[in-house]
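Containing PDB, C-alpha atoms: final.pdb.
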MODEL        1
ATOM      1  CA  MET C  88       0.479  -7.203  11.999
ATOM      2  CA  LYS C  89      -2.503  -9.516  11.492
ATOM      3  CA  VAL C  90      -3.883  -9.532   7.966
ATOM      4  CA  ILE C  91      -7.632  -8.930   7.862
ATOM      5  CA  ARG C  92      -9.151 -10.895   5.006
ATOM      6  CA  SER C  93     -12.805 -11.164   6.002
ATOM      7  CA  LEU C  94     -15.585  -8.592   6.258
ATOM      8  CA  SER C  95     -16.604 -10.316   9.496
ATOM      9  CA  GLU C  96     -13.418  -8.945  11.094
ATOM     10  CA  ILE C  97     -14.264  -5.292  10.386
ATOM     11  CA  LEU C  98     -14.905  -3.392  13.616
ATOM     12  CA  CYS C  99     -18.294  -1.712  14.118
ATOM     13  CA  GLN C 100     -19.101  -0.774  10.533
ATOM     14  CA  GLU C 101     -22.225  -2.894  10.366
ATOM     15  CA  SER C 102     -24.096  -0.896   7.725
ATOM     16  CA  ALA C 103     -21.122  -0.844   5.328
ATOM     17  CA  VAL C 104     -20.410  -4.558   5.826
ATOM     18  CA  LYS C 105     -24.083  -5.483   5.415
ATOM     19  CA  LEU C 106     -24.302  -3.590   2.123
ATOM     20  CA  LEU C 107     -21.206  -5.309   0.733
ATOM     21  CA  ARG C 108     -22.260  -8.747   1.997
ATOM     22  CA  LEU C 109     -25.599  -8.370   0.258
ATOM     23  CA  ALA C 110     -23.895  -7.397  -3.006
ATOM     24  CA  LEU C 111     -21.620 -10.445  -2.741
ATOM     25  CA  GLU C 112     -24.518 -12.802  -2.026
ATOM     26  CA  LYS C 113     -26.531 -11.539  -4.989
ATOM     27  CA  GLY C 114     -23.478 -11.314  -7.223
ATOM     28  CA  ILE C 115     -24.387  -7.765  -8.191
ATOM     29  CA  LEU C 116     -21.625  -5.295  -7.414
ATOM     30  CA  SER C 117     -21.456  -1.695  -8.469
ATOM     31  CA  HIS C 118     -18.696  -1.001 -10.965
ATOM     32  CA  SER C 119     -17.500   1.799  -8.664
ATOM     33  CA  TYR C 120     -17.623   2.331  -4.887
ATOM     34  CA  ILE C 121     -16.632   5.335  -2.819
ATOM     35  CA  PHE C 122     -15.711   4.450   0.768
ATOM     36  CA  CYS C 123     -15.883   7.704   2.684
ATOM     37  CA  GLY C 124     -15.424   8.564   6.344
ATOM     38  CA  PRO C 125     -12.819   9.713   8.883
ATOM     39  CA  GLU C 126      -9.231   8.527   8.747
ATOM     40  CA  GLY C 127      -8.431   5.218  10.388
ATOM     41  CA  VAL C 128     -11.937   3.770  10.762
ATOM     42  CA  GLY C 129     -11.516   0.797   8.426
ATOM     43  CA  LYS C 130     -12.199   2.068   4.897
ATOM     44  CA  GLU C 131      -9.053   0.674   3.283
ATOM     45  CA  THR C 132      -9.162  -2.472   5.427
ATOM     46  CA  THR C 133     -12.739  -3.107   4.285
ATOM     47  CA  ALA C 134     -11.800  -2.516   0.641
ATOM     48  CA  ARG C 135      -8.976  -5.029   0.853
ATOM     49  CA  ALA C 136     -11.213  -7.546   2.629
ATOM     50  CA  LEU C 137     -13.766  -7.198  -0.166
ATOM     51  CA  ILE C 138     -11.053  -8.071  -2.689
ATOM     52  CA  TYR C 139     -10.212 -11.243  -0.715
ATOM     53  CA  HIS C 140     -13.885 -12.242  -0.827
ATOM     54  CA  LEU C 141     -13.958 -11.740  -4.594
ATOM     55  CA  PHE C 142     -10.655 -13.425  -5.399
ATOM     56  CA  CYS C 143     -10.425 -16.369  -2.943
ATOM     57  CA  HIS C 144     -10.434 -19.681  -4.824
ATOM     58  CA  PHE C 145     -12.208 -21.713  -2.142
ATOM     59  CA  SER C 146     -14.781 -19.517  -0.379
ATOM     60  CA  LYS C 147     -16.568 -16.267  -1.154
ATOM     61  CA  ASP C 148     -18.153 -16.196   2.332
ATOM     62  CA  GLU C 149     -14.950 -16.442   4.396
ATOM     63  CA  PRO C 150     -11.644 -16.133   2.480
ATOM     64  CA  CYS C 151      -9.382 -19.082   3.258
ATOM     65  CA  GLY C 152      -6.044 -17.286   3.466
ATOM     66  CA  SER C 153      -4.265 -20.344   2.046
ATOM     67  CA  CYS C 154      -5.101 -20.417  -1.667
ATOM     68  CA  LEU C 155      -2.799 -18.908  -4.269
ATOM     69  CA  ALA C 156      -5.021 -15.825  -4.697
ATOM     70  CA  CYS C 157      -5.080 -15.085  -0.952
ATOM     71  CA  LYS C 158      -1.331 -15.532  -0.689
ATOM     72  CA  LYS C 159      -0.724 -13.143  -3.579
ATOM     73  CA  LEU C 160      -3.024 -10.586  -1.987
ATOM     74  CA  ASP C 161      -1.138 -11.033   1.297
ATOM     75  CA  LYS C 162       2.079 -10.136  -0.508
ATOM     76  CA  ALA C 163       0.463  -7.357  -2.594
ATOM     77  CA  ILE C 164       1.545  -9.020  -5.850
ATOM     78  CA  HIS C 165      -1.798 -10.038  -7.364
ATOM     79  CA  PRO C 166      -1.756  -9.104 -11.069
ATOM     80  CA  ASP C 167      -5.443  -8.114 -11.111
ATOM     81  CA  VAL C 168      -5.166  -5.381  -8.476
ATOM     82  CA  LYS C 169      -3.947  -1.875  -9.258
ATOM     83  CA  ILE C 170      -3.375   0.621  -6.431
ATOM     84  CA  LEU C 171      -3.166   4.371  -6.979
ATOM     85  CA  GLU C 172      -2.098   6.836  -4.301
ATOM     86  CA  PRO C 173      -0.747  10.380  -4.230
ATOM     87  CA  GLU C 174       2.808  11.066  -5.322
ATOM     88  CA  LYS C 175       3.880  13.881  -3.036
ATOM     89  CA  ARG C 176       0.818  16.166  -3.055
ATOM     90  CA  ASP C 177      -1.650  14.724  -5.576
ATOM     91  CA  ILE C 178      -2.653  11.952  -7.957
ATOM     92  CA  ARG C 179      -1.729  12.958 -11.481
ATOM     93  CA  ILE C 180      -3.143  12.161 -14.867
ATOM     94  CA  GLU C 181      -0.193   9.899 -15.701
ATOM     95  CA  SER C 182      -1.316   7.514 -12.944
ATOM     96  CA  VAL C 183      -4.871   7.464 -14.295
ATOM     97  CA  ARG C 184      -3.503   6.679 -17.759
ATOM     98  CA  GLU C 185      -1.992   3.559 -16.189
ATOM     99  CA  ILE C 186      -5.532   2.528 -15.189
ATOM    100  CA  GLU C 187      -6.656   2.810 -18.799
ATOM    101  CA  ASN C 188      -3.845   0.483 -19.886
ATOM    102  CA  PHE C 189      -4.574  -1.863 -16.963
ATOM    103  CA  LEU C 190      -8.225  -2.207 -18.034
ATOM    104  CA  ARG C 191      -7.476  -2.931 -21.675
ATOM    105  CA  TYR C 192      -6.788  -6.546 -20.738
ATOM    106  CA  ARG C 193      -9.137  -9.026 -19.150
ATOM    107  CA  PRO C 194      -8.331 -10.386 -15.660
ATOM    108  CA  LEU C 195      -5.450 -12.839 -15.628
ATOM    109  CA  GLU C 196      -6.463 -14.872 -12.553
ATOM    110  CA  ALA C 197      -9.543 -13.332 -10.922
ATOM    111  CA  PRO C 198     -13.122 -12.460 -11.890
ATOM    112  CA  TYR C 199     -12.361  -8.725 -11.700
ATOM    113  CA  ARG C 200      -9.616  -6.230 -12.295
ATOM    114  CA  VAL C 201      -9.743  -3.997  -9.210
ATOM    115  CA  ILE C 202      -8.521  -0.407  -9.079
ATOM    116  CA  LEU C 203      -8.055   0.802  -5.494
ATOM    117  CA  ILE C 204      -7.541   4.568  -5.239
ATOM    118  CA  LEU C 205      -6.245   5.777  -1.873
ATOM    119  CA  GLN C 206      -6.824   9.401  -0.807
ATOM    120  CA  ALA C 207      -8.998   9.863  -3.854
ATOM    121  CA  GLU C 208      -9.721  13.464  -2.883
ATOM    122  CA  LYS C 209      -6.167  14.214  -4.052
ATOM    123  CA  LEU C 210      -6.951  13.498  -7.692
ATOM    124  CA  ASN C 211      -5.959  16.702  -9.452
ATOM    125  CA  PRO C 212      -8.505  18.166 -11.942
ATOM    126  CA  GLN C 213      -6.892  16.556 -14.987
ATOM    127  CA  ALA C 214      -6.673  13.164 -13.270
ATOM    128  CA  GLY C 215     -10.270  13.435 -12.054
ATOM    129  CA  ASN C 216     -11.575  14.144 -15.531
ATOM    130  CA  ALA C 217      -9.531  11.274 -16.980
ATOM    131  CA  LEU C 218     -10.888   8.904 -14.314
ATOM    132  CA  LEU C 219     -14.422  10.019 -15.131
ATOM    133  CA  LYS C 220     -13.969   8.761 -18.695
ATOM    134  CA  SER C 221     -12.993   5.330 -17.351
ATOM    135  CA  LEU C 222     -16.044   5.299 -15.066
ATOM    136  CA  GLU C 223     -18.472   6.222 -17.859
ATOM    137  CA  GLU C 224     -18.004   3.049 -19.922
ATOM    138  CA  PRO C 225     -15.981   0.557 -17.883
ATOM    139  CA  PRO C 226     -15.569  -3.065 -19.003
ATOM    140  CA  LEU C 227     -17.749  -5.546 -17.106
ATOM    141  CA  TYR C 228     -14.741  -6.910 -15.227
ATOM    142  CA  ALA C 229     -13.668  -3.502 -13.837
ATOM    143  CA  LEU C 230     -14.208  -2.649 -10.179
ATOM    144  CA  PHE C 231     -13.195   0.766  -8.819
ATOM    145  CA  ILE C 232     -12.912   1.435  -5.075
ATOM    146  CA  LEU C 233     -12.135   5.025  -4.116
ATOM    147  CA  ILE C 234     -11.076   5.720  -0.517
ATOM    148  CA  THR C 235     -11.577   9.247   0.779
ATOM    149  CA  GLU C 236     -12.038  11.347   3.886
ATOM    150  CA  ARG C 237     -13.403  14.261   1.840
ATOM    151  CA  ILE C 238     -16.072  13.166  -0.600
ATOM    152  CA  ASP C 239     -16.934  16.837  -1.133
ATOM    153  CA  GLN C 240     -13.570  17.282  -2.880
ATOM    154  CA  LEU C 241     -14.339  14.659  -5.534
ATOM    155  CA  LEU C 242     -15.899  15.656  -8.840
ATOM    156  CA  PRO C 243     -19.710  15.466  -8.454
ATOM    157  CA  THR C 244     -19.838  13.451 -11.675
ATOM    158  CA  ILE C 245     -17.495  10.825 -10.156
ATOM    159  CA  VAL C 246     -19.716  10.613  -7.065
ATOM    160  CA  SER C 247     -22.868  10.286  -9.179
ATOM    161  CA  ARG C 248     -21.380   7.305 -11.042
ATOM    162  CA  SER C 249     -20.381   5.472  -7.858
ATOM    163  CA  GLN C 250     -22.116   3.825  -4.928
ATOM    164  CA  VAL C 251     -21.212   5.676  -1.746
ATOM    165  CA  VAL C 252     -20.465   3.559   1.337
ATOM    166  CA  ARG C 253     -20.177   5.617   4.512
ATOM    167  CA  PHE C 254     -17.984   4.748   7.483
ATOM    168  CA  ARG C 255     -18.527   6.273  10.907
ATOM    169  CA  PRO C 256     -16.117   7.040  13.773
ATOM    170  CA  LEU C 257     -15.616   4.187  16.227
ATOM    171  CA  ARG C 258     -16.831   4.426  19.802
ATOM    172  CA  ARG C 259     -14.151   5.020  22.425
ATOM    173  CA  GLU C 260     -14.888   1.779  24.260
ATOM    174  CA  ILE C 261     -14.472  -0.221  21.025
ATOM    175  CA  ILE C 262     -11.029   1.265  20.453
ATOM    176  CA  LYS C 263     -10.024   0.767  24.094
ATOM    177  CA  ASN C 264     -11.179  -2.861  24.130
ATOM    178  CA  TYR C 265      -9.240  -3.562  20.937
ATOM    179  CA  LEU C 266      -6.060  -1.992  22.317
ATOM    180  CA  VAL C 267      -6.319  -3.933  25.581
ATOM    181  CA  GLY C 268      -7.652  -7.238  24.256
ATOM    182  CA  ILE C 269      -5.847  -7.543  20.919
ATOM    183  CA  ARG C 270      -2.758  -5.357  21.274
ATOM    184  CA  GLN C 271      -2.261  -6.046  25.013
ATOM    185  CA  TYR C 272      -1.864  -2.367  25.905
ATOM    186  CA  ASP C 273      -1.988  -1.187  29.489
ATOM    187  CA  GLU C 274      -5.576  -0.194  30.349
ATOM    188  CA  GLY C 275      -4.643   3.357  31.385
ATOM    189  CA  LEU C 276      -2.692   3.940  28.164
ATOM    190  CA  ALA C 277      -5.527   2.396  26.126
ATOM    191  CA  GLU C 278      -7.967   4.790  27.796
ATOM    192  CA  THR C 279      -5.781   7.755  26.884
ATOM    193  CA  LEU C 280      -5.267   6.590  23.313
ATOM    194  CA  SER C 281      -8.970   5.968  22.777
ATOM    195  CA  SER C 282      -9.725   9.458  24.116
ATOM    196  CA  LEU C 283      -7.161  11.046  21.802
ATOM    197  CA  SER C 284      -8.133   8.982  18.767
ATOM    198  CA  MET C 285     -11.185  11.013  17.674
ATOM    199  CA  GLY C 286     -12.963   7.759  16.841
ATOM    200  CA  SER C 287     -10.113   6.444  14.695
ATOM    201  CA  LEU C 288      -8.409   3.165  15.557
ATOM    202  CA  GLY C 289      -5.741   4.017  12.999
ATOM    203  CA  LYS C 290      -4.963   7.269  14.827
ATOM    204  CA  ALA C 291      -4.844   5.494  18.199
ATOM    205  CA  LEU C 292      -2.293   3.016  16.849
ATOM    206  CA  ALA C 293      -0.313   5.748  15.095
ATOM    207  CA  ILE C 294      -0.089   7.765  18.328
ATOM    208  CA  ALA C 295       1.030   4.724  20.299
ATOM    209  CA  GLU C 296       3.552   3.405  17.793
ATOM    210  CA  SER C 297       5.102   6.710  16.743
ATOM    211  CA  GLY C 298       5.935   8.073  20.206
ATOM    212  CA  LEU C 299       3.740  11.140  19.711
ATOM    213  CA  LEU C 300       2.582  11.105  23.343
ATOM    214  CA  GLU C 301       6.184  11.559  24.458
ATOM    215  CA  ASP C 302       6.672  14.360  21.945
ATOM    216  CA  LEU C 303       3.476  16.047  23.104
ATOM    217  CA  ASN C 304       4.829  15.966  26.656
ATOM    218  CA  SER C 305       8.109  17.454  25.465
ATOM    219  CA  LEU C 306       6.336  20.277  23.642
ATOM    220  CA  ILE C 307       4.139  21.148  26.626
ATOM    221  CA  GLN C 308       7.053  21.056  29.062
ATOM    222  CA  ALA C 309       9.198  23.189  26.751
ATOM    223  CA  SER C 310       6.468  25.827  26.757
ATOM    224  CA  ALA C 311       6.608  25.827  30.576
ATOM    225  CA  SER C 312      10.364  26.361  30.601
ATOM    226  CA  LYS C 313      12.143  29.725  30.621
ATOM    227  CA  LYS C 314      15.153  28.236  28.823
ATOM    228  CA  ARG C 315      15.239  29.399  25.214
ATOM    229  CA  ALA C 316      17.850  26.786  24.347
ATOM    230  CA  LEU C 317      15.458  24.022  25.471
ATOM    231  CA  LYS C 318      12.641  25.475  23.365
ATOM    232  CA  PHE C 319      14.887  25.530  20.279
ATOM    233  CA  LYS C 320      16.088  21.990  21.004
ATOM    234  CA  VAL C 321      12.554  20.587  21.279
ATOM    235  CA  ALA C 322      11.390  22.464  18.165
ATOM    236  CA  GLU C 323      14.397  21.153  16.225
ATOM    237  CA  LYS C 324      13.744  17.566  17.333
ATOM    238  CA  LEU C 325      10.017  17.600  16.559
ATOM    239  CA  ALA C 326      10.560  19.274  13.175
ATOM    240  CA  ARG C 327      12.237  16.062  11.942
ATOM    241  CA  ARG C 328       8.905  14.269  11.963
ATOM    242  CA  PRO C 329       6.969  13.808   8.684
ATOM    243  CA  LYS C 330       4.317  16.401   7.917
ATOM    244  CA  GLU C 331       1.457  13.936   8.583
ATOM    245  CA  GLU C 332       2.768  13.212  12.096
ATOM    246  CA  LEU C 333       3.225  16.927  12.810
ATOM    247  CA  GLU C 334      -0.401  17.517  11.839
ATOM    248  CA  LEU C 335      -1.461  14.759  14.223
ATOM    249  CA  LEU C 336       0.742  16.238  16.946
ATOM    250  CA  LEU C 337      -1.017  19.599  16.551
ATOM    251  CA  ASN C 338      -4.381  17.821  16.765
ATOM    252  CA  LEU C 339      -3.279  16.189  20.018
ATOM    253  CA  LEU C 340      -2.130  19.538  21.346
ATOM    254  CA  GLY C 341      -5.562  20.953  20.579
ATOM    255  CA  LEU C 342      -7.204  18.085  22.465
ATOM    256  CA  TRP C 343      -4.944  18.732  25.469
ATOM    257  CA  ILE C 344      -6.006  22.393  25.413
ATOM    258  CA  TRP C 345      -9.696  21.461  25.401
ATOM    259  CA  LYS C 346      -9.129  18.804  28.064
ATOM    260  CA  SER C 347      -7.527  21.461  30.257
ATOM    261  CA  TYR C 348     -10.590  23.663  29.787
ATOM    262  CA  VAL C 349     -13.131  20.896  30.412
ATOM    263  CA  SER C 350     -11.298  19.372  33.385
ATOM    264  CA  LYS C 351     -11.811  22.606  35.317
ATOM    265  CA  ARG C 352     -15.558  22.045  35.078
ATOM    266  CA  VAL C 353     -15.990  18.273  35.370
ATOM    267  CA  ASN C 354     -13.987  15.467  36.922
ATOM    268  CA  LEU C 355     -12.071  13.488  34.304
ATOM    269  CA  PRO C 356     -10.138  10.766  36.152
ATOM    270  CA  HIS C 357      -7.421   9.053  34.086
ATOM    271  CA  PHE C 358      -8.645  10.864  30.984
ATOM    272  CA  PHE C 359      -5.130  11.507  29.701
ATOM    273  CA  GLU C 360      -2.954   9.179  31.720
ATOM    274  CA  GLY C 361       0.626   9.563  30.555
ATOM    275  CA  LEU C 362       0.531  13.306  29.948
ATOM    276  CA  THR C 363       1.920  16.091  32.090
ATOM    277  CA  ASP C 364       0.042  17.269  35.157
ATOM    278  CA  CYS C 365       0.034  20.860  33.935
ATOM    279  CA  ALA C 366      -2.985  22.392  32.233
ATOM    280  CA  PHE C 367      -3.446  25.117  29.660
ATOM    281  CA  GLU C 368      -4.908  28.200  31.331
ATOM    282  CA  GLY C 369      -5.408  30.527  28.380
ATOM    283  CA  ASN C 370      -8.398  31.050  26.091
ATOM    284  CA  PRO C 371      -9.043  27.663  24.417
ATOM    285  CA  HIS C 372     -10.944  29.183  21.478
ATOM    286  CA  GLN C 373      -8.064  31.496  20.583
ATOM    287  CA  ALA C 374      -5.488  28.739  21.095
ATOM    288  CA  VAL C 375      -7.288  26.232  18.879
ATOM    289  CA  GLY C 376      -7.719  28.949  16.246
ATOM    290  CA  PHE C 377      -3.978  29.594  16.399
ATOM    291  CA  LEU C 378      -3.279  25.871  15.909
ATOM    292  CA  GLY C 379      -5.637  25.820  12.928
ATOM    293  CA  LYS C 380      -3.557  28.537  11.261
ATOM    294  CA  ALA C 381      -0.410  26.565  12.133
ATOM    295  CA  ARG C 382      -1.790  23.491  10.351
ATOM    296  CA  GLN C 383      -2.530  25.607   7.280
ATOM    297  CA  ALA C 384       1.023  26.955   7.390
ATOM    298  CA  LEU C 385       2.379  23.394   7.333
ATOM    299  CA  ASN C 386       0.498  22.791   4.087
ATOM    300  CA  TYR C 387       2.228  25.827   2.598
ATOM    301  CA  PHE C 388       5.638  24.401   3.521
ATOM    302  CA  VAL C 389       6.457  26.928   6.239
ATOM    303  CA  ASN C 390       9.682  25.980   8.041
ATOM    304  CA  PRO C 391       8.408  23.406  10.597
ATOM    305  CA  GLU C 392      11.140  24.170  13.152
ATOM    306  CA  LEU C 393      10.266  27.860  13.193
ATOM    307  CA  LEU C 394       6.556  27.024  13.299
ATOM    308  CA  LEU C 395       6.983  24.725  16.314
ATOM    309  CA  TYR C 396       9.123  27.288  18.106
ATOM    310  CA  ASN C 397       6.372  29.858  17.600
ATOM    311  CA  ILE C 398       3.789  27.409  18.970
ATOM    312  CA  ILE C 399       5.897  26.794  22.074
ATOM    313  CA  ASN C 400       6.242  30.538  22.626
ATOM    314  CA  TYR C 401       2.514  31.040  22.066
ATOM    315  CA  LEU C 402       1.682  28.470  24.753
ATOM    316  CA  GLU C 403       4.081  30.188  27.160
ATOM    317  CA  THR C 404       2.646  33.672  26.649
ATOM    318  CA  SER C 405      -1.030  32.664  26.501
ATOM    319  CA  SER C 406      -0.807  30.365  29.527
ATOM    320  CA  PRO C 407       1.851  32.011  31.710
ATOM    321  CA  ASN C 408       1.113  29.926  34.806
ATOM    322  CA  LEU C 409       2.217  26.580  33.382
ATOM    323  CA  PRO C 410       4.383  25.009  36.097
ATOM    324  CA  ALA C 411       7.928  24.633  34.847
ATOM    325  CA  ASN C 412       8.543  21.568  37.019
ATOM    326  CA  SER C 413       5.481  19.604  35.842
ATOM    327  CA  GLN C 414       6.085  15.875  35.842
ATOM    328  CA  ILE C 415       4.811  13.115  33.591
ATOM    329  CA  LYS C 416       2.250  10.900  35.272
TER     330      LYS C 416
ENDMDL
END

Here is a file; write its structure as structure tokens.
Amino acid sequence: MKVIRSLSEILCQESAVKLLRLALEKGILSHSYIFCGPEGVGKETTARALIYHLFCHFSKDEPCGSCLACKKLDKAIHPDVKILEPEKRDIRIESVREIENFLRYRPLEAPYRVILILQAEKLNPQAGNALLKSLEEPPLYALFILITERIDQLLPTIVSRSQVVRFRPLRREIIKNYLVGIRQYDEGLAETLSSLSMGSLGKALAIAESGLLEDLNSLIQASASKKRALKFKVAEKLARRPKEELELLLNLLGLWIWKSYVSKRVNLPHFFEGLTDCAFEGNPHQAVGFLGKARQALNYFVNPELLLYNIINYLETSSPNLPANSQIK
């Protein structure tokens, strides 16, 4: 995958890029940034690009990609970058203690020591309070970048000590053009992926590369079948996926339900090319509410195979006219 090193390569986040460019030009950066917005819209990519701009030996305007600093960043081995992310469910105080040790020493090779915190909303209370102490009196060479989808779950005192940079969902046509022009995807598939992406290029790529469209087809077709053995088989297969992919699969199922509802009222040609011809005929509000409870159950470690089997049965009983012989387009 192509490494993005420059802010000029960030897709359609003009306000965020302009703010960071201005800070770079004036040489006045905040000691702490919070990049907030939906998943997969370029927050982490922008944070990493900013680090290239700061660390590149030859150019602060357009990182060269060939100097020693750029090469170390490419390989994720630069000694002046520390990355924190959740271990299992949260970020714990032990990880934040590592930041304190990291900041005791001046940068070895760069003008800053950068702490990049991924999924910062998962800082547990003890870790959040420990981080706050580091943010209150940081050394001049410290730069914190917190990445989050849920800024409301961060401690208000952390937010007040940081500069918030907001990222917005990408337009469907931007995602489609990227998939067709850069990734060389078929135009029909790119249209479907951009429609399912909810404004997130990361989600569009995850759906395409993980085979979730095929699994969504399998789930829908299993719900149209009268064969209990097939329903169990599909539930067992899908349950092997990681929790994050199952959550995305349930989101896609919800979009299919709403598409079924909307397509009865307006013409949506090629909206979901690659999915089954059949449509959900039940109450979309009740169905989406049911899926919301299913997502909550996943977070409480309910058996995913049993959960998926229940979802398949729910679709069958709430939309009894699904054609059992529906074919994939």

Inset, instruction - Could you please determine the separation between atom CA of Thr235 of chain C and atom CA of Arg253 of chain C in Å, to one decimal place? - result: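 Distance between the two atoms: 10.1 Å.
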
Inset, instruction - Fewer than 5 positions away in the same chain doesn't count, so skip those; otherwise give me all residues within 9 Å of Ser93 of chain C, counting all atoms listed in the file, as a PyMOL selection string. - result: chain C and resi 133+135-137+139-140+148-150

Inset, instruction - Compare C:Leu155, C:Ala326, C:Tyr348, C:Val104 by their minimum atom-to-atom distance to Val389 of chain C, counting only C-alpha atoms, and give me the closest one. - result: C:Ala326

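Distances to Arg382 of chain C were evaluated for C:Lys346, C:Lys162, C:His118, C:Lys330 using only C-alpha atoms, and the minimum falls at C:Lys330.
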
Legend entry - Residues matched by the PyMOL selection byres ((chain C and resi 134) around 12), written as a PyMOL selection string: chain C and resi 91-94+97+103-104+107+119-123+128-133+135-141+168+170+201-205+230-235+252+254

Legend entry - Two-atom distance - atom CA of Leu195 of chain C, atom CA of Asp167 of chain C (Å):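 Computed distance, atom CA of Leu195 of chain C to atom CA of Asp167 of chain C, equals 6.5 Å.
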
Inset, instruction - Report as a PyMOL selection string the residues that result from applying the PyMOL selection byres ((chain C and resi 300-307) around 9) to the structure here. - result: chain C and resi 294-295+297-299+308-311+318+321-322+325+336-337+339-340+361-363+365+395+398-399+402+409+415

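Nearest-residue note for Arg328 of chain C: choosing from C:Glu296, C:Glu392, C:Glu185, C:Asp239, the minimum distance belongs to C:Glu392, counting all atoms listed in the file.
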
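Proximity to Phe189 of chain C was assessed for C:Thr279, C:Cys154, C:Leu98, C:Leu171 counting all atoms listed in the file; the smallest distance is recorded for C:Leu171.
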
Inset, instruction - Rank nothing, just name the residue among C:Leu227, C:Ala381, C:Val90, C:Leu116 nearest to Cys157 of chain C, using all atoms listed in the file. - result: C:Val90

Inset, instruction - Enumerate, as an NGL selection string, the residues matched when the PyMOL selection byres ((chain C and resi 259-267) around 12) is run on the file above. - result: :C and (96-100 or 127-128 or 256-258 or 268-292 or 295-296 or 358)
